[in-house]
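Structure record follows, encoded as C-alpha cells.
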2 protein chains.
Amino acid sequence: MRTKKIDINRVFHALGDPTRRAILDRLSAGPASVSALAGPLAITLTAVAQHLEILEASGLARTEKIGRVRTCQIQSAGFDALERWIADHRTLWEKRFDRLGQFLLDEEEDE
Amino acid sequence: MRTKKIDINRVFHALGDPTRRAILDRLSAGPASVSALAGPLAITLTAVAQHLEILEASGLARTEKIGRVRTCQIQSAGFDALERWIADHRTLWEKRFDRLGQFLLDEEEDE
DNA sequence: TAGATACTGAAGCGCAAACTTCACTATTAA
DNA sequence: TTAATAGTGAAGTTTGCGCTTCAGTATCTA
C-alpha cells in the first residue's frame with residue numbers, strides 16, 4: 001500500500017493553531033460535517049472550511065463531499081509523519097546525551 | 001522526579017516555525033552557543049535569541065549562561081508532552097475506527 | 001417550483017509574529 | 001586598560017494568517 005507523501009512543515013503549521021486542534025479533537029470522536037464542526041466553534045463556516053483545507057493538505061484529515069454535505073474525518077498519515085519526526089530527533093540526541101547531566105538539571109529545575 | 005508543566009499549545013506553536021526546527025536539528029547533534037546556532041541561519045543573533053526564548057518556554061530546549069556565552073541544549077519535556085498528545089488522540093479515534101473504510105480510502109488515494 | 005440548507009470563492013481587514021536595527025552591558029583577551 | 005567578543009533590550013517594519021463579509025452555486029425538501 002503506497003502512502004501519500006507528507007510535508008512535515010505543513011503538519012507542524014497545521015497543528016500550531018488551537019482551532020485546528022479543536023477540530024481534530026472533535027473528529028477524534030467520529031466523522032462530522034463542516035456545519036457540525038463550526039457549531040461549537042465561534043467562527044464562520046468559511047473559516048472552518050479554510051482550516052479543513054489546511055488539515056487536508058497536511059494529511060491530518062480527509063474530506064469527501066456527498067450531495068451538499070462535506071463529511072470530514074481524521075487521517076493517520078499526518079500523525080504518522082509527526083511520530084516519525086519525533087522518533088528521529090529523539091534517537092539522534094538521546095544517543096549522545098549525558099544522562100547524569102540532564103538528571104541533575106531536572107532536579108535543579110524543581111525549585 | 002517532578003516534571004515542569006508543559007503547555008502543549010506553546011509546544012505546537014514553537015514547532016510550527018521552520019527556523020526553530022532547524023535550531024532543534026542543530027541541537028540534536030549537541031549543545032551550542034547562540035552564535036554557533038546563528039551561524040548557518042541567515043538571521044541576526046537577536047532573532048536567534050528570540051527563537052530560543054520560545055523554545056525554552058515550550059520545554060523543547062534549555063539554556064544556561066556561563067560568562068558571556070549562553071549554551072543551549074535540547075530538553076525532553078516538550079517532546080514528551082508532544083508524544084503524549086499524539087498517543088492520546090490516536091487511541092481516541094483508532095478505537096472507533098472503521099478500518100475497512102479507511103483501507104478503501106487509502107487505496108483510492110493512490111491514483 | 002419555491003425556499004431552505006450546505007457549502008464555496010473572492011476580496012479585504014487587523015493583528016500577531018518573525019525579523020531588523022541600533023544602542024547597550026558584561027565578559028574575556030591582548 | 002583597551003579592544004574584541006557574546007549576548008541583551010527596546011522599538012519599529014513587514015508579512016502572513018485567521019477571520020470576516022457578501023455574493024454566489026449546488027442540493028435537498030415541501
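Identifiers in this document derive from the order of the C-alpha cells: chains are assigned A, B, ..., residues are numbered from 1 separately in each chain, and ligands are numbered from 1 in order of occurrence.
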
Please identify every residue of chain B that has at least one atom no more than 12 Å from any atom of chain C, counting only C-alpha atoms (C1' of nucleotides), and report them as JSON, numbers by chain.
{"B": [13, 14, 16, 17, 18, 19, 20, 42, 43, 44, 45, 46, 47, 48, 49, 50, 51, 54, 65, 66, 67, 68, 69, 70]}

Distance limit 12 Å, atoms considered: only C-alpha atoms (C1' of nucleotides). Which chain D residues sit that close to chain A? Return them as a ChimeraX atom specification.
/D:17-22,25-28

Go through stretch 41-76 of chain B and collect every residue that DSSP, computed from the backbone, puts in helix (DSSP H, G or I); the answer should be as an MDAnalysis selection string.
chainID B and resid 45:57 76

Can those selected residues be exported to a file as a PDB file, in the first residue's frame so that it contains C-alpha atoms?
ATOM      1  CA  LEU B  45      21.814  36.937  16.696  1.00  0.00           C
ATOM      2  CA  THR B  46      18.841  38.799  18.129  1.00  0.00           C
ATOM      3  CA  ALA B  47      16.387  36.745  16.086  1.00  0.00           C
ATOM      4  CA  VAL B  48      18.013  33.509  17.262  1.00  0.00           C
ATOM      5  CA  ALA B  49      17.800  34.671  20.869  1.00  0.00           C
ATOM      6  CA  GLN B  50      14.086  35.321  20.392  1.00  0.00           C
ATOM      7  CA  HIS B  51      13.566  31.834  18.980  1.00  0.00           C
ATOM      8  CA  LEU B  52      15.443  30.374  21.924  1.00  0.00           C
ATOM      9  CA  GLU B  53      13.121  32.128  24.369  1.00  0.00           C
ATOM     10  CA  ILE B  54      10.193  30.429  22.690  1.00  0.00           C
ATOM     11  CA  LEU B  55      11.906  27.041  22.628  1.00  0.00           C
ATOM     12  CA  GLU B  56      12.705  27.381  26.332  1.00  0.00           C
ATOM     13  CA  ALA B  57       9.178  28.441  27.253  1.00  0.00           C
ATOM     14  CA  SER B  76      12.975  16.203  26.556  1.00  0.00           C
TER      15      SER B  76
END
